[in-house]
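Source file: entry-v8.txt; contents: compact mmCIF, C-alpha atoms and all ligand atoms.
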```
# COMPACT_ATOMS: atom_id res chain seq x y z
CA MET A 1 37.24 20.93 -49.87
CA VAL A 2 36.09 17.83 -48.10
CA PHE A 3 32.78 17.80 -46.40
CA VAL A 4 32.52 15.49 -43.48
CA LEU A 5 29.06 14.60 -42.57
CA ALA A 6 28.67 14.56 -38.88
CA ALA A 7 27.07 11.37 -37.70
CA LEU A 8 23.46 11.98 -36.92
CA PRO A 9 22.55 11.24 -33.36
CA VAL A 10 20.87 7.89 -33.05
CA GLN A 11 17.20 8.46 -32.66
CA ALA A 12 16.06 7.16 -29.34
CA ALA A 13 13.08 4.88 -29.55
CA PRO A 14 9.96 6.62 -28.36
CA SER A 15 9.79 6.29 -24.62
CA ARG A 16 7.35 3.63 -23.59
CA SER A 17 8.04 4.04 -19.91
CA ALA A 18 4.80 4.09 -18.00
CA PRO A 19 3.93 7.09 -15.86
CA PRO A 20 4.95 6.57 -12.21
CA ASP A 21 1.65 8.02 -10.99
CA GLU A 22 -0.56 5.54 -12.85
CA LEU A 23 -2.74 3.46 -10.55
CA ILE A 24 -1.94 -0.18 -11.23
CA ALA A 25 -2.87 -3.53 -9.72
CA VAL A 26 -0.38 -4.87 -7.20
CA GLU A 27 -1.15 -8.55 -7.77
CA PRO A 28 0.71 -9.03 -11.10
CA ALA A 29 3.80 -7.31 -9.63
CA ILE A 30 3.83 -9.38 -6.43
CA PRO A 31 2.04 -12.62 -7.34
CA ASP A 32 2.87 -14.39 -4.08
CA ALA A 33 1.25 -11.69 -1.91
CA VAL A 34 -1.88 -12.72 0.00
CA PHE A 35 -4.78 -10.30 -0.49
CA ASP A 36 -7.38 -9.94 2.22
CA ILE A 37 -8.95 -6.61 1.26
CA ARG A 38 -11.01 -6.06 4.39
CA TYR A 39 -13.23 -3.24 3.13
CA ALA A 40 -14.47 -5.55 0.38
CA THR A 41 -15.77 -7.87 3.12
CA THR A 42 -17.77 -7.46 6.34
CA ASN A 43 -14.63 -8.35 8.30
CA ASN A 44 -13.71 -4.76 9.14
CA PHE A 45 -14.32 -2.42 12.04
CA MET A 46 -17.58 -1.23 10.50
CA GLY A 47 -18.91 -4.72 9.77
CA GLU A 48 -20.01 -3.55 6.31
CA VAL A 49 -18.86 -4.12 2.75
CA MET A 50 -17.50 -0.74 1.58
CA TYR A 51 -15.56 -1.67 -1.59
CA PRO A 52 -17.30 -3.01 -4.72
CA SER A 53 -14.35 -5.32 -5.39
CA ALA A 54 -11.35 -6.75 -3.57
CA THR A 55 -8.89 -4.74 -5.61
CA CYS A 56 -5.46 -3.55 -4.53
CA LEU A 57 -4.21 -0.62 -6.61
CA LEU A 58 -1.28 1.71 -5.93
CA ARG A 59 0.74 4.24 -7.92
CA ARG A 60 3.25 2.48 -10.15
CA ALA A 61 6.25 3.92 -8.28
CA VAL A 62 4.74 2.78 -4.98
CA VAL A 63 4.22 -0.74 -6.36
CA GLU A 64 7.91 -0.78 -7.32
CA ARG A 65 8.87 0.09 -3.73
CA LEU A 66 6.51 -2.53 -2.37
CA SER A 67 7.99 -5.12 -4.69
CA ARG A 68 11.40 -4.42 -3.17
CA ALA A 69 10.02 -4.92 0.35
CA ALA A 70 8.40 -8.18 -0.78
CA ASP A 71 11.77 -9.38 -2.13
CA LEU A 72 13.48 -8.61 1.18
CA LEU A 73 10.79 -10.45 3.12
CA ARG A 74 10.70 -13.41 0.73
CA ALA A 75 14.39 -13.97 1.47
CA GLN A 76 13.30 -14.37 5.12
CA GLY A 77 10.53 -16.85 4.32
CA ARG A 78 7.73 -14.30 4.51
CA ARG A 79 5.04 -13.09 2.09
CA LEU A 80 3.01 -9.90 2.16
CA LEU A 81 -0.49 -9.99 3.64
CA ILE A 82 -2.31 -6.98 2.18
CA TRP A 83 -5.33 -5.44 3.89
CA ASP A 84 -5.86 -2.10 2.13
CA CYS A 85 -4.36 -0.06 -0.73
CA TYR A 86 -5.80 2.77 -2.81
CA ARG A 87 -9.21 3.98 -1.63
CA PRO A 88 -11.39 6.17 -3.91
CA LEU A 89 -12.37 9.51 -2.36
CA SER A 90 -16.11 8.79 -2.68
CA ILE A 91 -15.63 5.71 -0.48
CA GLN A 92 -13.62 7.81 1.98
CA LYS A 93 -16.67 10.10 2.16
CA LYS A 94 -18.97 7.14 2.84
CA LEU A 95 -16.67 5.90 5.60
CA TRP A 96 -16.58 9.41 7.07
CA GLU A 97 -20.38 9.75 6.94
CA LYS A 98 -20.72 6.57 8.97
CA VAL A 99 -17.94 7.14 11.48
CA LYS A 100 -17.18 10.90 11.64
CA ASP A 101 -14.29 10.34 14.00
CA PRO A 102 -10.79 11.28 12.80
CA LYS A 103 -9.37 8.68 15.16
CA TYR A 104 -10.78 6.00 12.87
CA VAL A 105 -11.16 7.60 9.44
CA ALA A 106 -9.42 10.54 7.75
CA ASN A 107 -11.72 13.47 6.99
CA PRO A 108 -12.33 13.48 3.21
CA LYS A 109 -11.80 17.26 3.20
CA THR A 110 -8.09 16.68 3.67
CA GLY A 111 -8.17 13.11 2.41
CA SER A 112 -6.07 10.14 3.34
CA ARG A 113 -2.83 9.03 1.71
CA HIS A 114 -4.87 5.96 0.78
CA ASN A 115 -6.89 8.32 -1.48
CA ARG A 116 -3.63 9.27 -3.19
CA GLY A 117 -2.77 5.64 -3.92
CA ALA A 118 0.34 6.02 -1.83
CA ALA A 119 -0.46 4.22 1.43
CA ILE A 120 -0.75 0.56 2.23
CA ASP A 121 -1.99 -1.47 5.18
CA LEU A 122 -0.27 -4.79 5.45
CA ALA A 123 1.30 -7.53 7.53
CA VAL A 124 3.14 -10.75 6.72
CA VAL A 125 2.34 -14.46 6.51
CA ASP A 126 4.82 -17.32 6.32
CA LYS A 127 6.04 -18.79 3.03
CA ASP A 128 3.05 -21.17 2.90
CA GLY A 129 0.61 -18.31 3.44
CA GLN A 130 -0.04 -19.34 7.05
CA PRO A 131 -0.54 -16.77 9.83
CA VAL A 132 2.35 -15.63 12.00
CA THR A 133 2.10 -13.84 15.35
CA LEU A 134 1.08 -10.23 14.89
CA PRO A 135 0.78 -7.55 17.57
CA THR A 136 -2.93 -6.85 17.02
CA GLU A 137 -5.73 -7.34 14.51
CA PHE A 138 -6.04 -4.93 11.55
CA ASP A 139 -7.76 -1.67 12.51
CA ASP A 140 -7.26 -2.14 16.23
CA PHE A 141 -7.47 1.55 17.16
CA SER A 142 -6.14 1.07 20.67
CA LYS A 143 -2.70 2.03 21.96
CA ARG A 144 -1.69 -1.61 21.49
CA ALA A 145 -1.39 -0.83 17.77
CA HIS A 146 0.99 2.08 18.35
CA ARG A 147 4.29 1.23 16.78
CA LYS A 148 6.40 1.79 19.89
CA ARG A 149 4.36 -0.74 21.79
CA ALA A 150 3.39 -3.10 18.95
CA LEU A 151 6.94 -3.85 17.90
CA LYS A 152 8.16 -4.74 21.38
CA GLY A 153 9.01 -8.25 22.52
CA GLU A 154 8.03 -11.63 21.14
CA GLN A 155 4.64 -10.52 19.72
CA GLY A 156 6.34 -7.70 17.82
CA VAL A 157 8.96 -9.76 15.96
CA GLU A 158 7.01 -10.05 12.69
CA ALA A 159 5.81 -6.44 12.71
CA LYS A 160 9.40 -5.36 13.31
CA ARG A 161 10.55 -7.55 10.41
CA LEU A 162 7.91 -5.88 8.22
CA GLU A 163 8.93 -2.39 9.33
CA THR A 164 12.61 -3.06 8.63
CA ALA A 165 11.86 -4.25 5.08
CA MET A 166 9.41 -1.43 4.38
CA LYS A 167 11.87 1.21 5.60
CA GLU A 168 14.62 -0.38 3.53
CA ALA A 169 12.31 0.03 0.51
CA GLY A 170 11.83 3.69 1.43
CA PHE A 171 8.39 3.65 3.07
CA VAL A 172 7.52 5.84 6.04
CA PRO A 173 5.85 4.00 8.94
CA MET A 174 2.85 5.51 10.71
CA ALA A 175 3.30 5.86 14.49
CA THR A 176 -0.22 4.91 15.57
CA GLU A 177 -0.85 1.95 13.24
CA TRP A 178 1.86 -0.70 12.96
CA TRP A 179 0.31 -1.97 9.66
CA HIS A 180 0.23 1.40 7.84
CA PHE A 181 3.04 2.71 5.61
CA ASP A 182 3.22 5.73 3.31
CA ALA A 183 5.34 6.34 0.25
CA PRO A 184 7.64 9.31 0.98
CA GLU A 185 6.38 11.11 -2.16
CA ALA A 186 2.71 10.56 -1.24
CA HIS A 187 1.81 14.22 -1.58
CA ASP A 188 3.09 14.36 -5.16
CA TYR A 189 0.07 12.25 -6.10
CA LYS A 190 -3.38 13.71 -6.42
CA ILE A 191 -6.34 12.56 -4.40
CA SER A 192 -8.23 10.28 -6.78
CA ASP A 193 -11.72 8.95 -7.22
CA GLN A 194 -10.94 6.42 -9.93
CA PRO A 195 -13.33 3.56 -9.20
CA LEU A 196 -11.86 0.27 -8.01
CA GLN A 197 -13.85 -1.88 -10.43
CA ASP A 198 -12.78 0.06 -13.54
CA ALA A 199 -9.10 -0.10 -12.74
CA PRO A 200 -6.63 -1.69 -15.16
CA GLN A 201 -5.65 -5.18 -14.10
ZN ZN B 1 -3.85 2.74 6.36
```

Can the structure from this file be put into structure tokens for me?
Amino acid sequence: MVFVLAALPVQAAPSRSAPPDELIAVEPAIPDAVFDIRYATTNNFMGEVMYPSATCLLRRAVVERLSRAADLLRAQGRRLLIWDCYRPLSIQKKLWEKVKDPKYVANPKTGSRHNRGAAIDLAVVDKDGQPVTLPTEFDDFSKRAHRKRALKGEQGVEAKRLETAMKEAGFVPMATEWWHFDAPEAHDYKISDQPLQDAPQ
């Protein structure tokens, strides 16, 4: 009788793949992006510094999507201009305490997709990092910032370019803010209060 030893299945190396819901820094993934994190400055609608550091974090899977949008835009001579990313819930509460108007700030009871690390506020600059024509300033809460209006005509060309790339990468545009995009799986991620300054870089 001949015994044939069945070949043992090759042991797969232990998976080192990082969890898709980890909050990671965007900068190393998209090194040519321009970061102007407005809530870390006084140049925001409140005129107050709200973030302890100018840090842009998003869930790993969201960063991967954003990287794809950046590639599409780079091929058109554009770079990302990033205004806001993940926002800790405790800062959302501070914003809410000061403003208490859902037109401007999401109520921390329900939270914002920014608190889930799955929303981003952004525009584009040219390949040299110089400004291009945008429909409005960041956090212009007027109807001029509504997507239908903002993307029209000559002043809407760059915002339209951004929207096309972001949609191609799978993001969902917000109707009332031309600069805001959500990851489609945003609600799979928990609302977080991981501090910005302690985040992995
Ligand atoms: Zn936003």

Applying 8 Å and only C-alpha atoms, which residues near Pro20 (chain A) remain after dropping the ones on its own chain fewer than 3 positions away? List them as number ranges by chain. A: 59-61

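Comparing the minimum interatomic distances between ligand ZN 1 (chain B) and each of A:Leu122, A:Ala183, A:Leu73, A:Leu81, counting all atoms listed in the file, we find that A:Leu122 sits nearest.
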
Using all atoms listed in the file, tabulate the residues of region 40-154 of chain A lying at most 7 Å from any atom of region 166-179 of chain A, each with its closest atom pair and that distance in Å to one decimal, by chain and increasing residue number, as a Markdown table.
```
| residue | atom | partner | partner_atom | distance |
| --- | --- | --- | --- | --- |
| A:Arg65 | CA | A:Ala169 | CA | 5.5 |
| A:Leu66 | CA | A:Ala169 | CA | 7.0 |
| A:Arg68 | CA | A:Ala169 | CA | 5.8 |
| A:Ala69 | CA | A:Met166 | CA | 5.4 |
| A:Asp121 | CA | A:Trp179 | CA | 5.1 |
| A:Leu122 | CA | A:Trp179 | CA | 5.1 |
| A:Ala123 | CA | A:Trp179 | CA | 6.0 |
| A:Ala145 | CA | A:Glu177 | CA | 5.3 |
| A:His146 | CA | A:Thr176 | CA | 4.1 |
| A:Arg147 | CA | A:Trp178 | CA | 4.9 |
| A:Ala150 | CA | A:Trp178 | CA | 6.6 |
```

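With the cut-off set to 9 Å and only C-alpha atoms and all ligand atoms counted, the residues surrounding ligand ZN 1 (chain B) are Trp83, Asp84, Cys85, Ser112, Arg113, His114, Ala119, Ile120, Asp121, Leu122, Asp139, Met174, Glu177, Trp179, His180, Phe181 and Asp182 of chain A.
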
Would you output that residue set with C-alpha atoms, as a compact mmCIF listing (two decimals), keeping the file's coordinate frame?
```
# COMPACT_ATOMS: atom_id res chain seq x y z
CA TRP A 83 -5.33 -5.44 3.89
CA ASP A 84 -5.86 -2.10 2.13
CA CYS A 85 -4.36 -0.06 -0.73
CA SER A 112 -6.07 10.14 3.34
CA ARG A 113 -2.83 9.03 1.71
CA HIS A 114 -4.87 5.96 0.78
CA ALA A 119 -0.46 4.22 1.43
CA ILE A 120 -0.75 0.56 2.23
CA ASP A 121 -1.99 -1.47 5.18
CA LEU A 122 -0.27 -4.79 5.45
CA ASP A 139 -7.76 -1.67 12.51
CA MET A 174 2.85 5.51 10.71
CA GLU A 177 -0.85 1.95 13.24
CA TRP A 179 0.31 -1.97 9.66
CA HIS A 180 0.23 1.40 7.84
CA PHE A 181 3.04 2.71 5.61
CA ASP A 182 3.22 5.73 3.31
```

Computed interatomic separation between CA of Cys56 (chain A) and CA of Ala118 (chain A) (Å):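 Here the two named atoms are 11.5 Å from each other.
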
Distance in Å - CA of Gly129 (chain A) versus CA of Leu58 (chain A): 22.2 Å

Have region 98-110 of chain A completed to N, CA and C atoms, please, and pass it along as a tab-separated table (two decimals), in the coordinates of the input.
```tsv
chain	number	residue	atom	x	y	z
A	98	LYS	N	-20.30	7.58	8.00
A	98	LYS	CA	-20.72	6.57	8.97
A	98	LYS	C	-20.00	6.71	10.31
A	99	VAL	N	-18.76	7.17	10.27
A	99	VAL	CA	-17.94	7.14	11.48
A	99	VAL	C	-17.75	8.54	12.08
A	100	LYS	N	-17.42	9.50	11.23
A	100	LYS	CA	-17.18	10.90	11.64
A	100	LYS	C	-16.29	11.03	12.87
A	101	ASP	N	-15.25	10.24	12.91
A	101	ASP	CA	-14.29	10.34	14.00
A	101	ASP	C	-12.89	10.21	13.40
A	102	PRO	N	-12.11	11.31	13.45
A	102	PRO	CA	-10.79	11.28	12.80
A	102	PRO	C	-9.82	10.27	13.41
A	103	LYS	N	-10.21	9.73	14.57
A	103	LYS	CA	-9.37	8.68	15.16
A	103	LYS	C	-9.45	7.40	14.32
A	104	TYR	N	-10.57	7.23	13.64
A	104	TYR	CA	-10.78	6.00	12.87
A	104	TYR	C	-10.64	6.20	11.36
A	105	VAL	N	-11.10	7.37	10.89
A	105	VAL	CA	-11.16	7.60	9.44
A	105	VAL	C	-10.68	9.03	9.16
A	106	ALA	N	-9.85	9.19	8.11
A	106	ALA	CA	-9.42	10.54	7.75
A	106	ALA	C	-10.60	11.33	7.16
A	107	ASN	N	-10.68	12.59	7.53
A	107	ASN	CA	-11.72	13.47	6.99
A	107	ASN	C	-11.49	13.64	5.49
A	108	PRO	N	-12.52	13.37	4.67
A	108	PRO	CA	-12.33	13.48	3.21
A	108	PRO	C	-11.96	14.88	2.74
A	109	LYS	N	-12.19	15.89	3.58
A	109	LYS	CA	-11.80	17.26	3.20
A	109	LYS	C	-10.29	17.35	2.98
A	110	THR	N	-9.54	16.70	3.85
A	110	THR	CA	-8.09	16.68	3.67
A	110	THR	C	-7.67	15.41	2.93
```
